[in-house]
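Source file: target09.csv. Holds: CSV, C-alpha atoms.
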```csv
chain,number,residue,atom,x,y,z
H,12,MET,CA,-7.7,-34.2,-27.0
H,13,THR,CA,-10.7,-32.2,-25.8
H,14,ASP,CA,-13.7,-31.9,-28.0
H,15,HIS,CA,-14.2,-28.1,-27.6
H,16,ALA,CA,-17.7,-28.1,-29.1
H,17,ALA,CA,-18.8,-30.8,-26.5
H,18,TRP,CA,-16.9,-29.6,-23.5
H,19,ASP,CA,-19.2,-28.2,-20.8
H,20,GLY,CA,-16.9,-27.9,-17.9
H,21,ALA,CA,-18.9,-30.1,-15.6
H,22,VAL,CA,-15.9,-32.2,-14.6
H,23,ALA,CA,-13.8,-29.1,-14.0
H,24,ARG,CA,-16.5,-27.4,-11.9
H,25,ALA,CA,-16.9,-30.6,-9.8
H,26,ALA,CA,-13.1,-30.7,-9.2
H,27,LEU,CA,-13.1,-27.1,-8.1
H,28,ALA,CA,-15.8,-27.7,-5.6
H,29,ARG,CA,-14.1,-30.9,-4.4
H,30,ALA,CA,-10.8,-29.1,-4.0
H,31,PHE,CA,-12.4,-26.3,-2.0
H,32,ASP,CA,-14.3,-28.7,0.2
H,33,GLU,CA,-11.2,-30.7,0.9
H,34,HIS,CA,-8.6,-28.0,1.5
H,35,VAL,CA,-10.3,-24.7,2.3
H,36,ARG,CA,-13.7,-25.3,3.8
H,37,PRO,CA,-12.2,-27.0,6.9
H,38,LEU,CA,-10.3,-23.8,7.6
H,39,ILE,CA,-13.5,-21.8,8.0
H,40,PRO,CA,-14.3,-21.8,11.8
H,41,ALA,CA,-17.6,-23.2,12.8
H,42,GLY,CA,-20.3,-20.6,13.2
H,43,THR,CA,-18.5,-18.0,11.2
H,44,GLU,CA,-20.7,-15.7,9.1
H,45,PRO,CA,-18.3,-14.1,6.6
H,46,ILE,CA,-18.6,-10.5,5.6
H,47,ASP,CA,-17.4,-9.5,2.1
H,48,VAL,CA,-16.3,-5.9,2.1
H,49,HIS,CA,-15.9,-5.5,-1.7
H,50,ALA,CA,-18.4,-6.1,-4.5
H,51,HIS,CA,-19.7,-4.2,-7.4
H,52,LEU,CA,-23.3,-3.9,-8.7
H,53,GLY,CA,-24.4,-2.9,-12.2
H,54,ARG,CA,-22.1,-2.8,-15.3
H,55,ASP,CA,-18.6,-1.4,-15.8
H,56,HIS,CA,-18.6,0.9,-18.8
H,57,ALA,CA,-14.9,0.2,-19.5
H,58,ASP,CA,-14.4,-3.5,-19.2
H,59,GLY,CA,-17.8,-4.9,-19.7
H,60,SER,CA,-18.1,-6.8,-16.4
H,61,SER,CA,-21.4,-6.9,-14.7
H,62,LEU,CA,-23.2,-8.2,-11.6
H,63,ASP,CA,-26.8,-8.1,-10.7
H,64,PRO,CA,-28.2,-8.4,-7.1
H,65,GLU,CA,-29.8,-11.8,-7.8
H,66,THR,CA,-26.5,-13.3,-9.0
H,67,LEU,CA,-24.6,-11.8,-6.1
H,68,LEU,CA,-27.1,-13.1,-3.5
H,69,ALA,CA,-27.0,-16.6,-5.1
H,70,SER,CA,-23.2,-16.6,-4.8
H,71,MET,CA,-23.4,-15.5,-1.2
H,72,ARG,CA,-25.8,-18.3,-0.3
H,73,ALA,CA,-23.7,-20.9,-2.1
H,74,HIS,CA,-20.5,-19.8,-0.2
H,75,GLY,CA,-22.1,-19.0,3.2
H,76,VAL,CA,-21.4,-15.2,3.0
H,77,ALA,CA,-23.7,-13.4,5.4
H,78,ARG,CA,-23.3,-9.8,4.3
H,79,THR,CA,-21.6,-8.0,1.4
H,80,VAL,CA,-20.6,-4.4,1.0
H,81,VAL,CA,-21.8,-3.2,-2.5
H,82,PHE,CA,-21.2,-0.1,-4.6
H,83,PRO,CA,-21.4,0.9,-8.3
H,84,PHE,CA,-19.0,0.0,-11.0
H,85,ALA,CA,-17.1,2.7,-12.7
H,86,ALA,CA,-19.3,5.2,-14.6
H,87,ALA,CA,-18.6,6.6,-18.0
H,88,ASP,CA,-19.2,10.1,-16.6
H,89,ARG,CA,-19.2,11.3,-13.0
H,90,ALA,CA,-22.7,12.7,-13.5
H,91,GLU,CA,-24.0,9.2,-13.6
H,92,TYR,CA,-23.1,8.3,-10.0
H,93,PRO,CA,-26.3,9.7,-8.3
H,94,ALA,CA,-28.4,7.3,-10.4
H,95,LEU,CA,-25.9,4.4,-9.8
H,96,ASN,CA,-25.8,5.0,-6.1
H,97,ASP,CA,-29.6,5.1,-5.9
H,98,ALA,CA,-29.7,1.7,-7.7
H,99,VAL,CA,-27.3,0.2,-5.2
H,100,LEU,CA,-29.3,1.7,-2.3
H,101,ALA,CA,-32.5,0.2,-3.8
H,102,ALA,CA,-30.9,-3.2,-4.1
H,103,ALA,CA,-29.6,-3.1,-0.5
H,104,ALA,CA,-33.1,-2.1,0.7
H,105,ALA,CA,-34.5,-5.2,-1.0
H,106,GLY,CA,-31.8,-7.4,0.4
H,107,ASP,CA,-33.0,-7.6,3.9
H,108,GLY,CA,-29.8,-6.5,5.5
H,109,THR,CA,-27.5,-8.8,3.5
H,110,LEU,CA,-26.3,-6.1,1.1
H,111,VAL,CA,-24.5,-3.1,2.8
H,112,PRO,CA,-24.5,-0.1,0.5
H,113,PHE,CA,-21.5,2.2,0.0
H,114,CYS,CA,-21.7,5.2,-2.2
H,115,ARG,CA,-19.2,6.1,-5.0
H,116,ALA,CA,-18.3,9.4,-6.6
H,117,GLU,CA,-15.3,11.1,-8.3
H,118,PRO,CA,-13.6,14.4,-7.3
H,119,GLY,CA,-15.1,17.3,-9.3
H,120,ASP,CA,-18.3,19.3,-9.4
H,121,GLY,CA,-20.8,17.9,-6.9
H,122,PHE,CA,-18.3,15.4,-5.4
H,123,ALA,CA,-19.0,16.2,-1.7
H,124,ALA,CA,-22.6,16.9,-2.4
H,125,GLU,CA,-23.2,13.4,-3.9
H,126,LEU,CA,-21.4,11.7,-1.0
H,127,GLU,CA,-23.5,13.6,1.5
H,128,ARG,CA,-26.8,12.9,-0.4
H,129,ALA,CA,-26.1,9.2,-0.7
H,130,LEU,CA,-25.1,8.9,3.0
H,131,ASP,CA,-28.3,10.8,3.9
H,132,ARG,CA,-30.3,8.1,1.9
H,133,GLY,CA,-28.7,5.2,3.7
H,134,ALA,CA,-25.2,4.5,2.4
H,135,ARG,CA,-23.0,3.2,5.2
H,136,GLY,CA,-19.6,4.0,3.7
H,137,ILE,CA,-17.7,5.4,0.7
H,138,LYS,CA,-15.9,3.7,-2.2
H,139,LEU,CA,-13.2,5.7,-4.0
H,140,HIS,CA,-11.4,4.2,-7.0
H,141,THR,CA,-8.1,5.9,-7.0
H,142,SER,CA,-6.1,5.4,-10.2
H,143,GLU,CA,-3.7,7.2,-12.4
H,144,HIS,CA,-6.3,7.7,-15.1
H,145,VAL,CA,-9.0,9.4,-13.0
H,146,PHE,CA,-7.7,10.7,-9.6
H,147,ASP,CA,-5.2,9.4,-7.1
H,148,PHE,CA,-4.1,10.0,-3.5
H,149,ALA,CA,-2.4,13.3,-4.6
H,150,ASP,CA,-5.7,14.8,-5.5
H,151,PRO,CA,-6.4,17.6,-2.9
H,152,ARG,CA,-10.1,17.0,-3.2
H,153,LEU,CA,-9.8,13.7,-1.4
H,154,ALA,CA,-9.8,15.8,1.8
H,155,GLU,CA,-13.5,16.5,1.1
H,156,ALA,CA,-14.3,12.8,1.4
H,157,PHE,CA,-12.2,12.4,4.5
H,158,ALA,CA,-13.9,15.3,6.2
H,159,ILE,CA,-17.3,13.7,5.4
H,160,ALA,CA,-16.2,10.3,6.6
H,161,GLN,CA,-14.9,11.7,9.9
H,162,GLU,CA,-18.1,13.7,10.5
H,163,ARG,CA,-20.4,10.7,9.6
H,164,ALA,CA,-18.2,8.0,11.2
H,165,VAL,CA,-18.2,5.9,8.1
H,166,PRO,CA,-15.3,4.0,6.5
H,167,ILE,CA,-13.7,4.6,3.1
H,168,LEU,CA,-12.7,1.7,0.8
H,169,PHE,CA,-9.9,2.6,-1.6
H,170,HIS,CA,-8.7,0.9,-4.7
H,171,ALA,CA,-5.0,0.3,-3.7
H,172,GLY,CA,-4.0,-2.2,-6.4
H,173,ARG,CA,-2.5,-1.9,-9.8
H,174,GLY,CA,-2.4,1.4,-11.7
H,175,LEU,CA,-1.2,3.6,-8.9
H,176,ASP,CA,1.9,5.6,-8.0
H,177,PRO,CA,3.3,5.1,-4.5
H,178,PHE,CA,0.8,6.7,-2.1
H,179,ALA,CA,1.7,5.9,1.5
H,180,PRO,CA,3.0,9.4,2.5
H,181,ARG,CA,-0.1,11.1,1.1
H,182,LEU,CA,-2.5,8.6,2.9
H,183,GLU,CA,-0.6,9.2,6.1
H,184,ALA,CA,-1.0,12.9,5.8
H,185,LEU,CA,-4.7,12.6,5.2
H,186,LEU,CA,-5.1,10.3,8.3
H,187,GLN,CA,-3.1,12.7,10.4
H,188,ARG,CA,-5.5,15.5,9.3
H,189,TYR,CA,-8.6,13.3,9.9
H,190,PRO,CA,-7.6,10.9,12.7
H,191,ARG,CA,-11.0,9.3,13.2
H,192,VAL,CA,-11.4,8.0,9.6
H,193,GLN,CA,-11.2,4.3,9.0
H,194,VAL,CA,-9.9,3.1,5.7
H,195,VAL,CA,-9.8,-0.2,3.8
H,196,LEU,CA,-7.0,-0.6,1.3
H,197,ALA,CA,-8.2,-3.1,-1.3
H,198,HIS,CA,-6.1,-5.7,-3.2
H,199,ALA,CA,-3.7,-6.1,-0.3
H,200,SER,CA,-2.4,-2.6,-1.1
H,201,ILE,CA,-0.1,-4.0,-3.7
H,202,GLY,CA,0.2,-0.5,-5.3
H,203,ASP,CA,2.5,0.4,-2.4
H,204,GLN,CA,2.4,-2.6,0.0
H,205,GLN,CA,5.8,-2.4,1.6
H,206,GLU,CA,5.8,1.3,2.6
H,207,VAL,CA,2.1,1.2,3.5
H,208,ALA,CA,2.8,-1.7,5.8
H,209,GLU,CA,5.8,0.0,7.4
H,210,ARG,CA,3.8,3.2,8.1
H,211,PHE,CA,0.5,1.6,9.2
H,212,VAL,CA,1.3,-1.7,10.9
H,213,GLY,CA,-0.5,-1.6,14.1
H,214,ASP,CA,-2.7,1.3,13.1
H,215,ALA,CA,-6.2,0.2,14.1
H,216,ARG,CA,-7.8,2.6,11.5
H,217,VAL,CA,-6.2,0.8,8.5
H,218,ARG,CA,-7.4,-2.5,7.2
H,219,PHE,CA,-6.5,-4.5,4.1
H,220,ASP,CA,-8.8,-6.4,1.7
H,221,PRO,CA,-6.8,-9.2,0.0
H,222,SER,CA,-8.9,-9.4,-3.2
H,223,LEU,CA,-6.3,-10.0,-6.0
H,224,TRP,CA,-4.9,-12.7,-8.2
H,225,ASN,CA,-1.5,-13.4,-6.7
H,226,PRO,CA,-1.5,-15.5,-3.5
H,227,LEU,CA,2.1,-14.5,-2.8
H,228,ASP,CA,0.9,-11.0,-2.1
H,229,VAL,CA,-1.4,-12.3,0.6
H,230,HIS,CA,1.5,-14.3,2.2
H,231,ALA,CA,3.6,-11.1,2.1
H,232,LEU,CA,0.8,-9.0,3.7
H,233,LEU,CA,0.5,-11.4,6.6
H,234,ALA,CA,4.2,-11.1,7.3
H,235,LEU,CA,3.9,-7.3,7.4
H,236,VAL,CA,0.7,-6.2,9.2
H,237,ALA,CA,-1.3,-7.4,12.2
H,238,PRO,CA,-3.8,-10.1,11.4
H,239,GLU,CA,-6.5,-8.0,12.9
H,240,GLN,CA,-6.0,-5.5,10.1
H,241,LEU,CA,-7.3,-8.0,7.5
H,242,VAL,CA,-10.9,-8.1,6.2
H,243,PHE,CA,-12.4,-10.5,3.7
H,244,GLY,CA,-13.1,-9.0,0.3
H,245,THR,CA,-13.8,-10.6,-3.1
H,246,ASP,CA,-14.0,-7.7,-5.6
H,247,MET,CA,-17.0,-9.6,-7.1
H,248,PRO,CA,-17.6,-10.3,-10.0
H,249,TYR,CA,-13.9,-10.2,-10.8
H,250,TYR,CA,-13.0,-12.8,-8.1
H,251,THR,CA,-15.1,-15.3,-6.2
H,252,PRO,CA,-15.7,-16.0,-2.5
H,253,ALA,CA,-14.1,-19.4,-3.0
H,254,GLY,CA,-10.9,-18.1,-4.6
H,255,CYS,CA,-10.5,-15.3,-2.2
H,256,ALA,CA,-11.2,-17.4,0.9
H,257,ALA,CA,-8.6,-19.9,-0.4
H,258,ARG,CA,-5.9,-17.3,-0.8
H,259,LEU,CA,-6.6,-15.8,2.6
H,260,LEU,CA,-7.2,-18.9,4.7
H,261,LEU,CA,-4.4,-21.0,3.2
H,262,ALA,CA,-1.9,-18.2,3.7
H,263,LEU,CA,-3.2,-17.6,7.2
H,264,ARG,CA,-2.7,-21.2,8.2
H,265,ARG,CA,0.7,-21.4,6.7
H,266,ALA,CA,1.7,-18.3,8.7
H,267,GLY,CA,0.6,-19.9,11.9
H,268,GLY,CA,-2.7,-18.0,12.3
H,269,THR,CA,-5.2,-19.2,14.9
H,270,THR,CA,-8.8,-20.2,14.5
H,271,GLU,CA,-9.8,-17.0,16.1
H,272,GLN,CA,-7.7,-15.0,13.8
H,273,ALA,CA,-9.4,-16.7,10.8
H,274,ARG,CA,-12.8,-16.0,12.2
H,275,ALA,CA,-11.9,-12.4,12.8
H,276,ALA,CA,-10.5,-12.0,9.2
H,277,LEU,CA,-13.6,-13.5,7.7
H,278,GLU,CA,-16.2,-11.7,9.9
H,279,GLN,CA,-15.3,-9.9,13.1
H,280,ASN,CA,-12.8,-7.3,11.7
H,281,ALA,CA,-15.3,-6.2,9.1
H,282,ALA,CA,-18.2,-6.2,11.6
H,283,ARG,CA,-16.2,-3.8,13.8
H,284,MET,CA,-15.5,-1.5,10.9
H,285,LEU,CA,-19.1,-1.4,9.8
H,286,ALA,CA,-20.1,-0.6,13.4
H,287,GLY,CA,-17.7,2.4,13.3
H,288,GLN,CA,-15.1,0.8,15.6
H,289,PRO,CA,-11.4,0.5,15.0
H,290,ALA,CA,-9.7,-2.8,14.8
H,291,ALA,CA,-9.5,-4.9,18.0
H,292,SER,CA,-6.3,-5.1,20.0
H,293,LEU,CA,-3.6,-5.6,17.5
H,294,SER,CA,-1.1,-8.4,17.6
H,295,ALA,CA,2.3,-8.7,15.9
H,296,PRO,CA,2.5,-9.7,12.2
H,297,LEU,CA,2.6,-13.4,11.6
H,298,GLY,CA,6.2,-13.7,10.7
H,299,ASP,CA,9.5,-11.8,10.6
H,300,GLY,CA,8.9,-9.9,7.4
H,301,SER,CA,10.4,-12.6,5.2
H,302,LEU,CA,8.9,-15.5,3.3
H,303,ARG,CA,10.4,-19.0,2.9
H,304,PHE,CA,9.1,-21.4,0.2
H,305,GLY,CA,10.8,-24.4,-1.3
H,306,VAL,CA,12.3,-23.8,-4.7
H,307,ASP,CA,10.0,-26.3,-6.4
H,308,ARG,CA,6.9,-24.6,-5.1
H,309,LEU,CA,8.2,-21.1,-6.1
H,310,ARG,CA,8.9,-22.4,-9.6
H,311,ALA,CA,5.5,-24.0,-9.9
H,312,HIS,CA,3.9,-20.8,-8.6
H,313,GLU,CA,5.8,-18.6,-11.1
H,314,TYR,CA,4.8,-20.8,-14.0
H,315,THR,CA,1.2,-20.8,-12.9
H,316,LEU,CA,1.2,-17.0,-12.4
H,317,MET,CA,2.6,-16.5,-15.9
H,318,THR,CA,-0.7,-17.9,-17.3
H,319,VAL,CA,-3.0,-15.4,-15.6
H,320,PRO,CA,-2.5,-12.4,-17.9
H,321,LEU,CA,-2.7,-14.7,-20.9
H,322,ILE,CA,-6.0,-16.0,-19.8
H,323,TRP,CA,-7.3,-12.5,-19.1
H,324,GLN,CA,-6.3,-11.3,-22.5
H,325,GLN,CA,-7.6,-14.3,-24.4
H,326,GLN,CA,-4.2,-15.5,-25.6
H,327,ARG,CA,-2.8,-19.1,-25.9
H,328,ASP,CA,-0.3,-20.7,-23.5
H,329,VAL,CA,2.4,-20.2,-26.0
H,330,THR,CA,5.2,-20.8,-23.5
H,331,GLY,CA,3.7,-24.1,-22.1
H,332,ALA,CA,3.6,-22.6,-18.6
H,333,LEU,CA,0.8,-24.8,-17.4
H,334,ARG,CA,2.7,-27.9,-18.4
H,335,LEU,CA,5.9,-26.6,-16.7
H,336,ALA,CA,3.9,-25.9,-13.5
H,337,ARG,CA,2.5,-29.5,-13.5
H,338,GLN,CA,5.9,-31.1,-14.1
H,339,THR,CA,7.5,-29.0,-11.4
H,340,LEU,CA,4.8,-30.1,-8.9
H,341,ARG,CA,5.8,-33.8,-9.3
H,342,THR,CA,8.5,-33.2,-6.7
H,343,VAL,CA,6.1,-31.6,-4.2
H,344,ARG,CA,4.5,-34.6,-2.7
H,345,THR,CA,1.7,-33.2,-0.7
H,346,PRO,CA,-2.1,-33.5,-1.0
H,347,GLN,CA,-2.4,-29.8,-1.9
H,348,ALA,CA,0.2,-30.2,-4.7
H,349,GLU,CA,-1.6,-33.2,-6.1
H,350,THR,CA,-4.9,-31.3,-6.2
H,351,ALA,CA,-3.2,-28.3,-7.7
H,352,ALA,CA,-1.7,-30.4,-10.5
H,353,GLU,CA,-5.2,-31.9,-11.2
H,354,LEU,CA,-6.7,-28.4,-11.4
H,355,LEU,CA,-4.0,-27.2,-13.7
H,356,ALA,CA,-4.6,-30.2,-16.1
H,357,LEU,CA,-8.3,-29.3,-16.2
H,358,ALA,CA,-7.4,-25.6,-16.7
H,359,ALA,CA,-5.5,-26.5,-19.9
H,360,ASP,CA,-8.6,-28.1,-21.3
H,361,ALA,CA,-10.8,-25.2,-20.1
H,362,TRP,CA,-8.5,-22.6,-21.5
H,363,ALA,CA,-8.5,-24.2,-25.0
H,364,ALA,CA,-12.2,-24.6,-25.0
H,365,GLU,CA,-12.9,-21.1,-23.8
H,366,LEU,CA,-10.5,-19.6,-26.4
H,367,ALA,CA,-12.6,-21.4,-29.0
H,368,SER,CA,-16.1,-20.5,-27.8
H,369,GLY,CA,-15.9,-18.6,-24.5
H,370,ASP,CA,-17.9,-15.5,-23.6
H,371,ARG,CA,-16.0,-12.3,-24.6
H,372,ARG,CA,-18.3,-9.7,-23.2
H,373,GLU,CA,-15.7,-8.8,-20.6
H,374,VAL,CA,-12.4,-7.2,-21.6
H,375,LEU,CA,-10.5,-9.3,-19.0
H,376,THR,CA,-11.8,-12.8,-18.9
H,377,LEU,CA,-11.5,-13.3,-15.1
H,378,SER,CA,-14.9,-15.2,-15.2
H,379,TRP,CA,-13.6,-17.9,-17.4
H,380,LEU,CA,-13.4,-21.3,-15.7
H,381,ALA,CA,-9.8,-21.6,-16.8
H,382,PHE,CA,-8.9,-18.7,-14.5
H,383,ARG,CA,-10.9,-20.1,-11.6
H,384,LEU,CA,-9.0,-23.3,-11.8
H,385,VAL,CA,-5.6,-21.6,-12.0
H,386,GLU,CA,-6.3,-19.2,-9.1
H,387,LEU,CA,-7.2,-22.0,-6.7
H,388,ALA,CA,-4.4,-24.2,-7.9
H,389,ASP,CA,-1.9,-21.4,-7.3
H,390,ALA,CA,-3.2,-20.8,-3.7
H,391,LEU,CA,-2.8,-24.5,-3.0
H,392,ILE,CA,0.8,-24.5,-4.5
H,393,LEU,CA,2.0,-21.9,-2.0
H,394,ALA,CA,0.2,-23.7,0.9
H,395,ALA,CA,1.6,-27.1,0.1
```
For this file, produce the structure as structure tokens.
Amino acid sequence: MTDHAAWDGAVARAALARAFDEHVRPLIPAGTEPIDVHAHLGRDHADGSSLDPETLLASMRAHGVARTVVFPFAAADRAEYPALNDAVLAAAAAGDGTLVPFCRAEPGDGFAAELERALDRGARGIKLHTSEHVFDFADPRLAEAFAIAQERAVPILFHAGRGLDPFAPRLEALLQRYPRVQVVLAHASIGDQQEVAERFVGDARVRFDPSLWNPLDVHALLALVAPEQLVFGTDMPYYTPAGCAARLLLALRRAGGTTEQARAALEQNAARMLAGQPAASLSAPLGDGSLRFGVDRLRAHEYTLMTVPLIWQQQRDVTGALRLARQTLRTVRTPQAETAAELLALAADAWAAELASGDRREVLTLSWLAFRLVELADALILAA
């Protein structure tokens, strides 16, 4: 039984690093300088998450990330975005080119004016957090942002994950109206992945950032869109370069991706976008649109995935899902499965300890070590 008061997580952190070095780092092509297209700076007024430039830069150095696109967290009021954008611009100016500033605003009074102002001051793209609670792809004022992006030849990064109604037809209409705009759909576009993929597969203007918690969504994306449409994104501080690289690279390898496609997904696709260029010559999706996993791996994945919202919401593993996942993995006799089982065992201890004494400044505890162990384990389960 773990002594929660004495538990410091050192063994678990060492196991995480060892698992990454053994199973993920060899998949990063030599000489690659990854570009992360998705990170927040400041503090989120709603969920309590925060990230300062020093912490982000330290994470980049630790994981070999060369450049990161940064923008503000959500503001309590849209009138705060000018000051938040200026803070991001200042951080980028002090970052010697390693931080690439995007500006953020919300439709309403001064929306277009703030985007223009921030771009005039050095922002190199636009971040729009579409959601059902604030604005979505049905908002006619999005056309203002598209018109500015087309005139300035800068990309738009959209939240395209949870909390959205299906949006593919509305995005298609905007891109027909503004044909030179490049967009990144964050979180593997799980808010409308299937229809978005059907409409935009092979569209060199549309890219996908696979920052999310479910590795199965990344496998699905690779079966639906061209690999040249993928860019590396972490959604820092919610996820980490290690976890996101694991989901992306393990899925890419399992789908039969090449070393050059891995290099492009980590670096070159984003570099083209930031240079105002569409994706390179597009190849076919890596698969036939279907996914095939052994029953034991799918069961272990499902049990593991069940724990994610419980960890986020600071609840106990009342169903014993972690134990079920580990027991299911006994029949998957691969090095990845063995490592995943080890990480899940450590996650059980981390979870109990963090429930007893973990930091609760964030509404969703994605920063807990328990979650970091579970997310890497799940990526390894589906790659086994």
| task | Quick one: everything within 8 Å of segment 251-255 of chain H, counting all atoms listed in the file, minus sequence neighbours fewer than 2 positions away in the same chain. Send it as a list in words. | result | Phe31, Ser70, Met71, His74, Val76, Pro221, Ser222, Leu223, Phe243, Gly244, Thr245, Asp246, Met247, Pro248, Tyr249, Ala257, Arg258, Leu259, Arg383, Glu386 and Leu387 of chain H
What are the centre and the three edge lengths of an axis-aligned box that wraps all atoms of segment 125-143 of chain H in the file, given that 4 Å is added to every side, written as lines of an AutoDock Vina configuration file and rounded to one decimal in Å?
```
center_x = -17.0
center_y = 8.4
center_z = -3.6
size_x = 34.6
size_y = 18.4
size_z = 25.6
```
| What is the distance, in Å and to one decimal place, between atom CA of Arg191 of chain H and atom CA of Asn280 of chain H? | 16.8 Å
| request: Using all atoms listed in the file, collect all residues at a distance of at most 7 Å from (-3.5, -17.8, -2.7) as written in the file, then present them as JSON, numbers by chain. | output: {"H": [225, 226, 227, 229, 257, 258, 259, 261, 262, 387, 389, 390, 391, 393]}
File of the preceding selection, C-alpha atoms, as an mmCIF file, keeping the file's coordinate frame:
```cif
data_model
loop_
_atom_site.group_PDB
_atom_site.id
_atom_site.type_symbol
_atom_site.label_atom_id
_atom_site.label_comp_id
_atom_site.auth_asym_id
_atom_site.auth_seq_id
_atom_site.Cartn_x
_atom_site.Cartn_y
_atom_site.Cartn_z
ATOM 1 C CA ASN H 225 -1.500 -13.400 -6.700
ATOM 2 C CA PRO H 226 -1.500 -15.500 -3.500
ATOM 3 C CA LEU H 227 2.100 -14.500 -2.800
ATOM 4 C CA VAL H 229 -1.400 -12.300 0.600
ATOM 5 C CA ALA H 257 -8.600 -19.900 -0.400
ATOM 6 C CA ARG H 258 -5.900 -17.300 -0.800
ATOM 7 C CA LEU H 259 -6.600 -15.800 2.600
ATOM 8 C CA LEU H 261 -4.400 -21.000 3.200
ATOM 9 C CA ALA H 262 -1.900 -18.200 3.700
ATOM 10 C CA LEU H 387 -7.200 -22.000 -6.700
ATOM 11 C CA ASP H 389 -1.900 -21.400 -7.300
ATOM 12 C CA ALA H 390 -3.200 -20.800 -3.700
ATOM 13 C CA LEU H 391 -2.800 -24.500 -3.000
ATOM 14 C CA LEU H 393 2.000 -21.900 -2.000
#
```
Tell me, counting all atoms listed in the file, for each residue of segment 140-238 of chain H within 9 Å of segment 302-311 of chain H, which pair of atoms is nearest and how far apart they are in Å to one decimal, in rows ordered by chain and increasing number, as a Markdown table.
```
| residue | atom | partner | partner_atom | distance |
| --- | --- | --- | --- | --- |
| H:His230 | CA | H:Leu302 | CA | 7.6 |
| H:Ala231 | CA | H:Leu302 | CA | 7.0 |
| H:Ala234 | CA | H:Leu302 | CA | 7.6 |
```
| request: Show which residues sit within 9 Å of Glu183 of chain H, as a PyMOL selection string. Count only C-alpha atoms, and ignore same-chain residues fewer than 3 positions away. | output: chain H and resi 178-180+186-188+207+210-211
